[in-house]
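Visitor: Below is coords08.cif; it holds mmCIF, C-alpha atoms.
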data_coords
loop_
_atom_site.group_PDB
_atom_site.id
_atom_site.type_symbol
_atom_site.label_atom_id
_atom_site.label_comp_id
_atom_site.auth_asym_id
_atom_site.auth_seq_id
_atom_site.Cartn_x
_atom_site.Cartn_y
_atom_site.Cartn_z
ATOM 1 C CA MET L 1 -7.079 -25.013 -16.410
ATOM 2 C CA SER L 2 -7.224 -21.778 -18.388
ATOM 3 C CA MET L 3 -4.210 -19.498 -18.625
ATOM 4 C CA TYR L 4 -4.520 -15.762 -19.163
ATOM 5 C CA LYS L 5 -2.267 -12.793 -19.691
ATOM 6 C CA LEU L 6 -2.699 -9.139 -18.833
ATOM 7 C CA ILE L 7 -0.723 -7.051 -21.302
ATOM 8 C CA VAL L 8 0.192 -3.668 -19.804
ATOM 9 C CA PRO L 9 1.491 -1.353 -22.557
ATOM 10 C CA LYS L 10 4.574 0.777 -22.111
ATOM 11 C CA GLN L 11 4.206 4.025 -20.220
ATOM 12 C CA ALA L 12 6.585 6.721 -19.107
ATOM 13 C CA VAL L 13 8.179 6.162 -15.729
ATOM 14 C CA GLY L 14 7.326 8.546 -12.896
ATOM 15 C CA ALA L 15 7.982 8.899 -9.199
ATOM 16 C CA ASN L 16 5.303 7.073 -7.172
ATOM 17 C CA LEU L 17 3.484 6.057 -10.380
ATOM 18 C CA VAL L 18 1.041 3.157 -10.092
ATOM 19 C CA TYR L 19 1.578 1.432 -13.450
ATOM 20 C CA PHE L 20 -1.417 -0.908 -13.218
ATOM 21 C CA ASP L 21 -3.619 -2.865 -10.883
ATOM 22 C CA LEU L 22 -5.391 -6.212 -11.217
ATOM 23 C CA PHE L 23 -8.343 -6.809 -8.885
ATOM 24 C CA ASN L 24 -10.461 -9.894 -8.128
ATOM 25 C CA ALA L 25 -14.000 -8.820 -7.126
ATOM 26 C CA ALA L 26 -15.228 -9.599 -3.609
ATOM 27 C CA ASN L 27 -18.060 -11.786 -4.979
ATOM 28 C CA SER L 28 -15.777 -13.764 -7.305
ATOM 29 C CA PRO L 29 -16.073 -17.548 -7.224
ATOM 30 C CA HIS L 30 -12.405 -17.756 -8.278
ATOM 31 C CA LYS L 31 -8.955 -17.333 -6.849
ATOM 32 C CA VAL L 32 -6.439 -15.761 -9.216
ATOM 33 C CA GLU L 33 -2.995 -17.347 -9.209
ATOM 34 C CA VAL L 34 -0.432 -14.885 -10.583
ATOM 35 C CA LEU L 35 2.434 -16.870 -12.077
ATOM 36 C CA SER L 36 4.535 -14.075 -13.550
ATOM 37 C CA VAL L 37 4.861 -10.285 -13.459
ATOM 38 C CA LEU L 38 7.551 -9.352 -15.943
ATOM 39 C CA PRO L 39 8.677 -5.711 -16.374
ATOM 40 C CA ILE L 40 9.786 -4.920 -19.936
ATOM 41 C CA VAL L 41 11.941 -1.864 -20.708
ATOM 42 C CA SER L 42 11.104 -0.246 -24.037
ATOM 43 C CA GLY L 43 14.106 0.645 -26.173
ATOM 44 C CA ALA L 44 11.916 2.662 -28.542
ATOM 45 C CA VAL L 45 12.591 5.899 -26.678
ATOM 46 C CA ALA L 46 15.886 7.723 -26.322
ATOM 47 C CA VAL L 47 16.719 8.443 -22.706
ATOM 48 C CA THR L 48 19.787 9.663 -20.927
ATOM 49 C CA GLY L 49 19.158 8.590 -17.398
ATOM 50 C CA THR L 50 21.602 7.613 -14.754
ATOM 51 C CA LEU L 51 19.137 6.224 -12.250
ATOM 52 C CA ALA L 52 17.369 2.890 -12.224
ATOM 53 C CA VAL L 53 13.631 2.632 -11.628
ATOM 54 C CA ASP L 54 12.624 0.898 -8.384
ATOM 55 C CA LEU L 55 9.463 -1.178 -8.836
ATOM 56 C CA PHE L 56 7.349 -2.634 -6.038
ATOM 57 C CA LEU L 57 4.748 -5.372 -6.475
ATOM 58 C CA THR L 58 2.169 -4.987 -3.716
ATOM 59 C CA ARG L 59 -1.175 -6.433 -2.760
ATOM 60 C CA THR L 60 -4.158 -4.109 -2.971
ATOM 61 C CA THR L 61 -7.065 -3.890 -0.587
ATOM 62 C CA ALA L 62 -9.394 -1.903 -2.874
ATOM 63 C CA VAL L 63 -10.185 -1.866 -6.577
ATOM 64 C CA GLY L 64 -8.447 0.741 -8.744
ATOM 65 C CA THR L 65 -10.417 3.708 -10.049
ATOM 66 C CA GLY L 66 -9.742 6.253 -12.755
ATOM 67 C CA GLY L 67 -7.014 5.537 -15.264
ATOM 68 C CA THR L 68 -7.952 3.373 -18.246
ATOM 69 C CA ALA L 69 -9.758 0.063 -17.820
ATOM 70 C CA ALA L 70 -8.318 -3.054 -19.455
ATOM 71 C CA VAL L 71 -10.448 -4.710 -22.106
ATOM 72 C CA ALA L 72 -10.679 -8.287 -23.331
ATOM 73 C CA GLU L 73 -8.747 -9.373 -26.406
ATOM 74 C CA SER L 74 -7.876 -5.832 -27.549
ATOM 75 C CA THR L 75 -6.136 -5.296 -30.888
ATOM 76 C CA SER L 76 -4.746 -1.944 -29.719
ATOM 77 C CA LEU L 77 -1.005 -1.685 -29.118
ATOM 78 C CA THR L 78 -1.548 1.013 -26.482
ATOM 79 C CA ALA L 79 -4.407 -0.439 -24.393
ATOM 80 C CA ALA L 80 -4.217 -2.741 -21.409
ATOM 81 C CA SER L 81 -5.706 -6.052 -22.472
ATOM 82 C CA PHE L 82 -6.715 -9.407 -21.022
ATOM 83 C CA VAL L 83 -5.988 -12.307 -23.375
ATOM 84 C CA HIS L 84 -6.831 -15.993 -23.120
ATOM 85 C CA LEU L 85 -3.647 -17.914 -23.917
ATOM 86 C CA ASN L 86 -5.199 -21.022 -25.443
ATOM 87 C CA GLY L 87 -7.027 -18.878 -28.013
ATOM 88 C CA THR L 88 -9.995 -21.213 -28.448
ATOM 89 C CA GLN L 89 -12.200 -20.000 -25.629
ATOM 90 C CA PRO L 90 -13.729 -16.566 -25.238
ATOM 91 C CA MET L 91 -12.012 -14.368 -22.672
ATOM 92 C CA ASP L 92 -14.137 -14.182 -19.540
ATOM 93 C CA VAL L 93 -13.238 -11.145 -17.442
ATOM 94 C CA THR L 94 -16.242 -11.449 -15.167
ATOM 95 C CA TYR L 95 -15.101 -10.561 -11.642
ATOM 96 C CA LEU L 96 -11.707 -9.256 -12.859
ATOM 97 C CA THR L 97 -10.713 -5.670 -13.436
ATOM 98 C CA ALA L 98 -7.439 -4.061 -14.339
ATOM 99 C CA ARG L 99 -6.510 -0.443 -14.877
ATOM 100 C CA LEU L 100 -3.646 1.284 -16.577
ATOM 101 C CA THR L 101 -2.329 4.043 -14.260
ATOM 102 C CA PRO L 102 -5.262 4.068 -11.841
ATOM 103 C CA SER L 103 -5.678 7.523 -10.321
ATOM 104 C CA GLY L 104 -7.432 6.278 -7.192
ATOM 105 C CA GLY L 105 -8.207 3.122 -5.279
ATOM 106 C CA ALA L 106 -5.708 0.279 -5.726
ATOM 107 C CA THR L 107 -4.953 0.885 -2.053
ATOM 108 C CA ALA L 108 -1.523 -0.407 -1.065
ATOM 109 C CA GLY L 109 -1.272 -3.646 0.853
ATOM 110 C CA ALA L 110 1.774 -5.748 1.709
ATOM 111 C CA VAL L 111 4.884 -5.465 -0.458
ATOM 112 C CA LEU L 112 5.370 -8.785 -2.272
ATOM 113 C CA ALA L 113 8.419 -8.077 -4.432
ATOM 114 C CA PHE L 114 10.977 -5.426 -5.379
ATOM 115 C CA ARG L 115 13.029 -5.020 -8.551
ATOM 116 C CA SER L 116 15.314 -2.261 -9.758
ATOM 117 C CA ILE L 117 15.153 -1.795 -13.541
ATOM 118 C CA PHE L 118 17.677 0.202 -15.571
ATOM 119 C CA THR L 119 16.091 2.128 -18.460
ATOM 120 C CA GLU L 120 19.124 3.731 -20.156
ATOM 121 C CA GLU L 121 18.929 2.643 -23.813
ATOM 122 C CA THR L 122 22.688 2.840 -24.426
ATOM 123 C CA ASN L 123 23.452 0.286 -21.698
ATOM 124 C CA ALA L 124 23.413 -3.345 -22.897
ATOM 125 C CA GLY L 125 22.078 -4.442 -19.502
ATOM 126 C CA THR L 126 18.810 -2.679 -20.272
ATOM 127 C CA TYR L 127 17.997 -5.362 -22.848
ATOM 128 C CA THR L 128 18.858 -8.344 -20.696
ATOM 129 C CA PRO L 129 15.501 -9.939 -19.910
ATOM 130 C CA SER L 130 14.123 -8.485 -16.698
ATOM 131 C CA GLU L 131 13.870 -10.678 -13.667
ATOM 132 C CA ASP L 132 10.332 -11.839 -12.998
ATOM 133 C CA MET L 133 8.745 -10.215 -9.948
ATOM 134 C CA VAL L 134 7.216 -13.613 -9.041
ATOM 135 C CA ARG L 135 10.262 -15.844 -8.610
ATOM 136 C CA GLN L 136 8.756 -19.199 -7.713
ATOM 137 C CA GLY L 137 5.280 -20.588 -7.378
ATOM 138 C CA CYS L 138 2.528 -18.036 -7.563
ATOM 139 C CA ILE L 139 0.883 -15.179 -5.752
ATOM 140 C CA VAL L 140 -2.713 -15.954 -4.777
ATOM 141 C CA VAL L 141 -5.182 -13.120 -5.236
ATOM 142 C CA ASN L 142 -8.279 -13.980 -3.219
ATOM 143 C CA PRO L 143 -11.683 -12.404 -3.809
ATOM 144 C CA GLY L 144 -11.750 -8.790 -2.619
ATOM 145 C CA SER L 145 -8.038 -8.215 -3.223
ATOM 146 C CA GLY L 146 -5.579 -7.513 -5.995
ATOM 147 C CA ILE L 147 -2.052 -6.602 -6.979
ATOM 148 C CA ARG L 148 -0.371 -3.533 -8.424
ATOM 149 C CA VAL L 149 3.076 -2.346 -9.470
ATOM 150 C CA VAL L 150 4.179 1.053 -8.221
ATOM 151 C CA GLN L 151 7.414 2.943 -8.794
ATOM 152 C CA GLY L 152 9.411 4.210 -5.839
ATOM 153 C CA SER L 153 9.820 7.894 -5.018
ATOM 154 C CA VAL L 154 12.915 8.480 -7.167
ATOM 155 C CA ALA L 155 12.190 9.852 -10.634
ATOM 156 C CA SER L 156 14.005 8.613 -13.736
ATOM 157 C CA VAL L 157 13.394 8.412 -17.479
ATOM 158 C CA GLY L 158 12.213 5.803 -19.990
ATOM 159 C CA ASN L 159 9.195 3.587 -20.645
ATOM 160 C CA ILE L 160 8.231 0.292 -19.028
ATOM 161 C CA ALA L 161 5.577 -2.275 -19.988
ATOM 162 C CA PHE L 162 4.479 -5.399 -18.094
ATOM 163 C CA SER L 163 3.381 -8.919 -18.942
ATOM 164 C CA VAL L 164 1.297 -10.615 -16.228
ATOM 165 C CA VAL L 165 0.499 -14.340 -16.561
ATOM 166 C CA PHE L 166 -2.224 -15.834 -14.363
ATOM 167 C CA ARG L 167 -4.801 -18.576 -14.057
ATOM 168 C CA ARG L 168 -8.098 -18.777 -12.222
ATOM 169 C CA THR L 169 -9.189 -21.632 -10.006
ATOM 170 C CA GLN L 170 -12.432 -22.275 -8.158
ATOM 171 C CA ASN L 171 -12.541 -20.660 -4.740
ATOM 172 C CA HIS L 172 -13.159 -23.396 -2.175
#
What is this structure when it is put down as C-alpha coordinates?

Guide:
Amino acid sequence: MSMYKLIVPKQAVGANLVYFDLFNAANSPHKVEVLSVLPIVSGAVAVTGTLAVDLFLTRTTAVGTGGTAAVAESTSLTAASFVHLNGTQPMDVTYLTARLTPSGGATAGAVLAFRSIFTEETNAGTYTPSEDMVRQGCIVVNPGSGIRVVQGSVASVGNIAFSVVFRRTQNH
(Lines of atoms letter the chains of each structure in order from A and count residues from 1; the text may use other names and numbers.)
(Lines give C-alpha, C1' and ligand atoms only; values in the text may rest on other atoms or scores of the structure.)
Protein backbone atom coordinates (compact mmCIF):
# COMPACT_ATOMS: atom_id res chain seq x y z
CA MET A 1 0.00 0.00 0.00
CA SER A 2 1.43 3.37 -0.99
CA MET A 3 1.89 6.12 1.58
CA TYR A 4 1.82 9.80 0.65
CA LYS A 5 2.32 13.13 2.32
CA LEU A 6 0.88 16.55 1.58
CA ILE A 7 3.34 19.20 2.70
CA VAL A 8 1.57 22.49 3.43
CA PRO A 9 4.15 25.28 3.81
CA LYS A 10 3.98 27.82 6.60
CA GLN A 11 1.60 30.73 6.18
CA ALA A 12 0.57 33.63 8.34
CA VAL A 13 -2.34 32.96 10.65
CA GLY A 14 -5.60 34.83 10.07
CA ALA A 15 -9.12 34.86 11.41
CA ASN A 16 -11.32 32.41 9.47
CA LEU A 17 -8.39 31.48 7.20
CA VAL A 18 -8.70 28.21 5.29
CA TYR A 19 -5.09 26.99 5.36
CA PHE A 20 -5.53 24.18 2.83
CA ASP A 21 -7.92 21.64 1.43
CA LEU A 22 -7.44 18.11 0.11
CA PHE A 23 -10.16 16.78 -2.20
CA ASN A 24 -10.84 13.32 -3.67
CA ALA A 25 -12.62 13.69 -7.05
CA ALA A 26 -16.16 12.32 -7.42
CA ASN A 27 -15.03 9.87 -10.14
CA SER A 28 -12.06 8.57 -8.13
CA PRO A 29 -11.65 4.80 -7.88
CA HIS A 30 -9.93 5.32 -4.51
CA LYS A 31 -10.75 6.13 -0.93
CA VAL A 32 -8.21 8.35 0.81
CA GLU A 33 -7.36 7.36 4.37
CA VAL A 34 -5.90 10.34 6.24
CA LEU A 35 -3.64 9.03 8.98
CA SER A 36 -2.22 12.28 10.34
CA VAL A 37 -2.80 16.04 10.15
CA LEU A 38 -0.02 17.68 12.13
CA PRO A 39 0.08 21.48 12.63
CA ILE A 40 3.63 22.84 12.88
CA VAL A 41 4.34 26.27 14.39
CA SER A 42 7.19 28.10 12.68
CA GLY A 43 9.69 29.71 15.03
CA ALA A 44 11.31 31.60 12.15
CA VAL A 45 9.15 34.67 12.74
CA ALA A 46 9.15 36.95 15.76
CA VAL A 47 5.68 37.38 17.20
CA THR A 48 4.34 38.87 20.37
CA GLY A 49 0.94 37.31 20.62
CA THR A 50 -1.04 36.45 23.66
CA LEU A 51 -3.73 34.41 21.97
CA ALA A 52 -3.60 30.85 20.72
CA VAL A 53 -4.83 29.92 17.25
CA ASP A 54 -7.92 27.68 17.17
CA LEU A 55 -7.76 25.19 14.30
CA PHE A 56 -10.66 23.10 13.02
CA LEU A 57 -10.32 20.04 10.78
CA THR A 58 -13.53 19.68 8.79
CA ARG A 59 -14.86 17.61 5.94
CA THR A 60 -15.54 19.43 2.69
CA THR A 61 -18.42 18.90 0.32
CA ALA A 62 -16.91 20.73 -2.67
CA VAL A 63 -13.46 21.06 -4.19
CA GLY A 64 -11.40 24.14 -3.31
CA THR A 65 -10.92 26.88 -5.89
CA GLY A 66 -8.53 29.79 -6.13
CA GLY A 67 -5.49 29.82 -3.90
CA THR A 68 -2.45 27.89 -5.12
CA ALA A 69 -2.72 24.30 -6.33
CA ALA A 70 -0.42 21.67 -4.84
CA VAL A 71 2.01 20.00 -7.21
CA ALA A 72 3.67 16.60 -7.19
CA GLU A 73 7.17 16.20 -5.79
CA SER A 74 7.93 19.94 -5.67
CA THR A 75 11.42 21.13 -4.73
CA SER A 76 10.06 24.51 -3.61
CA LEU A 77 10.12 25.30 0.11
CA THR A 78 7.07 27.56 -0.26
CA ALA A 79 4.72 25.43 -2.40
CA ALA A 80 2.19 22.86 -1.30
CA SER A 81 3.42 19.50 -2.50
CA PHE A 82 2.31 15.88 -2.73
CA VAL A 83 5.15 13.42 -2.10
CA HIS A 84 5.28 9.65 -2.36
CA LEU A 85 6.91 8.37 0.83
CA ASN A 86 8.56 5.25 -0.56
CA GLY A 87 10.41 7.34 -3.15
CA THR A 88 10.63 4.62 -5.79
CA GLN A 89 7.31 5.13 -7.52
CA PRO A 90 6.15 8.20 -9.40
CA MET A 91 3.66 10.34 -7.51
CA ASP A 92 0.20 9.82 -8.97
CA VAL A 93 -2.12 12.71 -8.09
CA THR A 94 -4.84 11.66 -10.49
CA TYR A 95 -8.18 12.31 -8.79
CA LEU A 96 -6.56 14.28 -5.93
CA THR A 97 -6.34 18.03 -5.58
CA ALA A 98 -5.09 20.24 -2.81
CA ARG A 99 -4.91 24.00 -2.51
CA LEU A 100 -2.98 26.35 -0.32
CA THR A 101 -5.39 29.00 1.05
CA PRO A 102 -8.29 28.28 -1.30
CA SER A 103 -10.34 31.42 -1.87
CA GLY A 104 -13.52 29.56 -2.77
CA GLY A 105 -15.07 26.12 -2.70
CA ALA A 106 -13.77 23.79 0.02
CA THR A 107 -17.29 24.09 1.42
CA ALA A 108 -17.44 23.27 5.12
CA GLY A 109 -18.79 19.92 6.20
CA ALA A 110 -18.77 18.26 9.61
CA VAL A 111 -16.13 19.29 12.15
CA LEU A 112 -13.80 16.32 12.71
CA ALA A 113 -11.24 17.75 15.13
CA PHE A 114 -10.23 20.88 17.05
CA ARG A 115 -6.83 21.97 18.34
CA SER A 116 -5.63 25.18 19.94
CA ILE A 117 -2.05 26.05 18.95
CA PHE A 118 0.10 28.64 20.71
CA THR A 119 2.34 30.60 18.32
CA GLU A 120 4.32 32.86 20.70
CA GLU A 121 7.99 32.18 19.92
CA THR A 122 9.25 33.05 23.41
CA ASN A 123 7.10 30.37 25.05
CA ALA A 124 8.78 26.94 25.27
CA GLY A 125 5.40 25.26 24.82
CA THR A 126 5.29 26.54 21.25
CA TYR A 127 8.03 24.07 20.31
CA THR A 128 6.53 21.05 21.99
CA PRO A 129 5.38 18.85 19.11
CA SER A 130 1.79 19.68 18.23
CA GLU A 131 -0.89 17.14 18.90
CA ASP A 132 -2.02 15.35 15.76
CA MET A 133 -5.51 16.34 14.62
CA VAL A 134 -6.18 12.66 13.79
CA ARG A 135 -5.73 10.92 17.14
CA GLN A 136 -6.39 7.28 16.32
CA GLY A 137 -7.16 5.32 13.21
CA CYS A 138 -7.85 7.39 10.15
CA ILE A 139 -10.32 9.72 8.53
CA VAL A 140 -11.81 8.26 5.35
CA VAL A 141 -12.23 10.69 2.47
CA ASN A 142 -14.63 9.11 0.00
CA PRO A 143 -14.91 10.17 -3.64
CA GLY A 144 -16.60 13.57 -3.96
CA SER A 145 -15.41 14.80 -0.56
CA GLY A 146 -12.37 16.21 1.16
CA ILE A 147 -10.90 17.79 4.26
CA ARG A 148 -9.62 21.23 5.17
CA VAL A 149 -8.14 23.08 8.14
CA VAL A 150 -9.64 26.44 9.00
CA GLN A 151 -8.77 28.89 11.76
CA GLY A 152 -11.46 30.12 14.12
CA SER A 153 -12.71 33.70 14.18
CA VAL A 154 -10.14 35.02 16.66
CA ALA A 155 -7.09 36.65 15.07
CA SER A 156 -3.57 36.08 16.37
CA VAL A 157 -0.01 36.21 15.04
CA GLY A 158 2.59 33.75 13.75
CA ASN A 159 2.99 31.16 10.99
CA ILE A 160 1.72 27.59 10.84
CA ALA A 161 2.53 24.75 8.42
CA PHE A 162 0.94 21.30 8.17
CA SER A 163 2.07 17.76 7.42
CA VAL A 164 -0.71 15.45 6.18
CA VAL A 165 0.00 11.71 5.85
CA PHE A 166 -2.42 9.55 3.86
CA ARG A 167 -2.80 6.41 1.80
CA ARG A 168 -5.16 5.47 -0.99
CA THR A 169 -7.10 2.24 -1.21
CA GLN A 170 -9.40 0.87 -3.89
CA ASN A 171 -12.98 2.05 -3.53
CA HIS A 172 -15.19 -1.03 -3.23

Visitor: Run the PyMOL selection byres ((chain L and resi 75-78) around 10) on the file and write out the hits as a list of chain:residue names.

Guide: L:Ile7, L:Val8, L:Pro9, L:Lys10, L:Gln11, L:Val71, L:Ala72, L:Glu73, L:Ser74, L:Ala79, L:Ala80, L:Ser81

Visitor: Go ahead and compute the interatomic distance for atom CA of L:Val63 and atom CA of L:Gln136, in Å to one decimal.

Guide: 25.7 Å

Visitor: Starting from the PyMOL selection byres ((chain L and resi 114) around 6), expand the selection into actual residues of this file and give them as a PyMOL selection string.

Guide: chain L and resi 55-56+113+115

Visitor: Rank nothing, just name the residue among L:Val111, L:Val32, L:Ala62, L:Ala161 nearest to L:Leu96, using all atoms listed in the file.

Guide: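 Nearest candidate to L:Leu96 out of L:Val111, L:Val32, L:Ala62, L:Ala161: L:Val32.
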
Visitor: When distances are computed from all atoms listed in the file, which of L:Ser153, L:Ser42, L:Thr65, L:Thr119 shows the smallest separation from L:Thr97?

Guide: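 Selected residue with least distance to L:Thr97: L:Thr65.
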
Visitor: Using the chain letters and numbers from this file, what does the PyMOL selection byres ((chain L and resi 85-94) around 6) select? Give the answer as a VMD selection string.

Guide: chain L and resid 3 to 4 84 95 to 96

Visitor: Please indicate the distance in Å from atom CA of L:Ser145 to atom CA of L:Leu22, rounded to one decimal place.

Guide: 8.7 Å

Visitor: In Å, rounded to a single decimal, give me how far atom CA of L:Arg99 is from atom CA of L:Val13.

Guide: 16.1 Å

Visitor: With all atoms listed in the file as the basis for distance, which of L:Val165, L:Val53, L:Ala110, L:Ala98 is at the shortest distance from L:Asn16?

Guide: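 Nearest to L:Asn16: L:Val53.
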
Visitor: Would you mind listing what lies within 8 Å of L:Val141 as a PyMOL selection string, with only C-alpha atoms counted and same-chain residues fewer than 2 positions away left out?

Guide: chain L and resi 23-24+31-34+139+143+145-147

Visitor: Box in all listed atoms of stretch 73-76 of chain L, axis-aligned, with 3 Å more on each side; write out centre and edge lengths in Å to one decimal as AutoDock Vina command-line options.

Guide:
--center_x -6.7 --center_y -5.7 --center_z -28.6 --size_x 10.0 --size_y 13.4 --size_z 10.5

Visitor: With distances taken over all atoms listed in the file, which residue among L:Ala106, L:Val83, L:Ala44, L:Ala52 lies nearest L:Gly66?

Guide: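 Among the listed residues, L:Ala106 lies closest to L:Gly66.
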
Visitor: Skip L:Ile40 itself and residues of its chain fewer than 2 positions away, then list as an MDAnalysis selection string all residues within 9 Å of it, counting only C-alpha atoms.

Guide: chainID L and resid 10 38 42 117 127 129:130 159:163

Visitor: Which is closest to L:Asp132 among L:Ala70, L:Leu57, L:Val18, L:Ala26, if we use only C-alpha atoms?

Guide: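 Selected residue with least distance to L:Asp132: L:Leu57.
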